[in-house]
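Below is one structure; the comments refer to it alone.
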Amino acid sequence: MNIDISHVVILALAVYRVSRLIIQDKVLEKARDFIWKKYTGMSGIGYLITCYWCTSFWVSSLVVISYIIVPVPTMAVSLVLALSAVTGLISARVDD
């Protein structure tokens, strides 16, 4: 499979954004708290929602499978997520 480097960058930023959404963002805080209470922190699922390495692996796997099966819709959604990630990274830098 040939993949353009720009696609890799867009997909990587999308994976970062989804991983951050799962692990850190306020919008999913209640879901994380629910999962944390239901599955202790040392369980696989509890650990998954706190670890960038773990979460990004599974998110990346889903993104790659999606890219292989339906590349155009995957890139469209990934581009939105990538732009959001870049905006967040710039905002964090500017706010410092």
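Ordering of the structure tokens sets the chain letters (A, B, ...); residue numbers start at 1 within each chain; ligands are numbered from 1 in the order shown.
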
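Excluding range 68-79 of chain A itself and same-chain residues fewer than 5 positions from it, the residues having an atom within 12 Å of it are Met1, Asn2, Ile3, Asp4, Ser6, His7, Val8, Val9, Ile10, Leu11, Ala12, Leu13, Ala14, Val15, Tyr16, Arg17, Val18, Val59, Ser60, Ser61, Leu62, Val63, Ser84, Ala85 and Val86 of chain A, counting only C-alpha atoms.
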
> If you run DSSP on the backbone, which residues of range 28-74 of chain A are helix (DSSP H, G or I), as a PyMOL selection string?
Replying inline: chain A and resi 28-38+44-48+52-69+71-74

Restricting the output to C-alpha atoms, write the selected residues as a PDB file, in the first residue's frame.
```
ATOM      1  CA  LEU A  28     -15.826  13.026  27.959  1.00  0.00           C
ATOM      2  CA  GLU A  29     -15.045  13.539  31.645  1.00  0.00           C
ATOM      3  CA  LYS A  30     -18.314  11.971  32.863  1.00  0.00           C
ATOM      4  CA  ALA A  31     -17.813   8.925  30.644  1.00  0.00           C
ATOM      5  CA  ARG A  32     -14.225   8.537  31.904  1.00  0.00           C
ATOM      6  CA  ASP A  33     -15.375   8.851  35.518  1.00  0.00           C
ATOM      7  CA  PHE A  34     -18.074   6.241  34.933  1.00  0.00           C
ATOM      8  CA  ILE A  35     -15.589   3.839  33.340  1.00  0.00           C
ATOM      9  CA  TRP A  36     -13.013   4.522  36.066  1.00  0.00           C
ATOM     10  CA  LYS A  37     -15.549   3.692  38.789  1.00  0.00           C
ATOM     11  CA  LYS A  38     -16.822   0.600  37.010  1.00  0.00           C
ATOM     12  CA  GLY A  44      -7.217  -2.933  31.182  1.00  0.00           C
ATOM     13  CA  ILE A  45     -10.112  -0.602  30.393  1.00  0.00           C
ATOM     14  CA  GLY A  46      -9.390   1.704  33.332  1.00  0.00           C
ATOM     15  CA  TYR A  47      -5.753   1.967  32.285  1.00  0.00           C
ATOM     16  CA  LEU A  48      -6.718   2.471  28.654  1.00  0.00           C
ATOM     17  CA  TYR A  52      -1.704   7.847  25.578  1.00  0.00           C
ATOM     18  CA  TRP A  53       0.420   4.917  24.392  1.00  0.00           C
ATOM     19  CA  CYS A  54      -2.397   2.412  24.933  1.00  0.00           C
ATOM     20  CA  THR A  55      -5.259   4.538  23.655  1.00  0.00           C
ATOM     21  CA  SER A  56      -3.384   5.782  20.603  1.00  0.00           C
ATOM     22  CA  PHE A  57      -2.493   2.224  19.604  1.00  0.00           C
ATOM     23  CA  TRP A  58      -6.156   1.203  19.456  1.00  0.00           C
ATOM     24  CA  VAL A  59      -7.288   4.463  17.888  1.00  0.00           C
ATOM     25  CA  SER A  60      -4.507   4.142  15.284  1.00  0.00           C
ATOM     26  CA  SER A  61      -5.558   0.584  14.520  1.00  0.00           C
ATOM     27  CA  LEU A  62      -9.136   1.674  13.881  1.00  0.00           C
ATOM     28  CA  VAL A  63      -8.014   4.628  11.767  1.00  0.00           C
ATOM     29  CA  VAL A  64      -5.748   2.457   9.597  1.00  0.00           C
ATOM     30  CA  ILE A  65      -8.465  -0.157   9.083  1.00  0.00           C
ATOM     31  CA  SER A  66     -10.924   2.611   8.220  1.00  0.00           C
ATOM     32  CA  TYR A  67      -8.409   4.185   5.816  1.00  0.00           C
ATOM     33  CA  ILE A  68      -7.937   0.857   4.036  1.00  0.00           C
ATOM     34  CA  ILE A  69     -11.678   0.170   3.733  1.00  0.00           C
ATOM     35  CA  PRO A  71     -10.155   6.066   2.433  1.00  0.00           C
ATOM     36  CA  VAL A  72     -12.058   9.171   1.293  1.00  0.00           C
ATOM     37  CA  PRO A  73     -14.495   9.417   4.241  1.00  0.00           C
ATOM     38  CA  THR A  74     -11.670   8.533   6.640  1.00  0.00           C
TER      39      THR A  74
END
```

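Among the candidates A:Ile23, A:Ala82, A:Val94, A:Leu89, the one nearest to Thr50 in chain A when counting only C-alpha atoms is A:Ile23.
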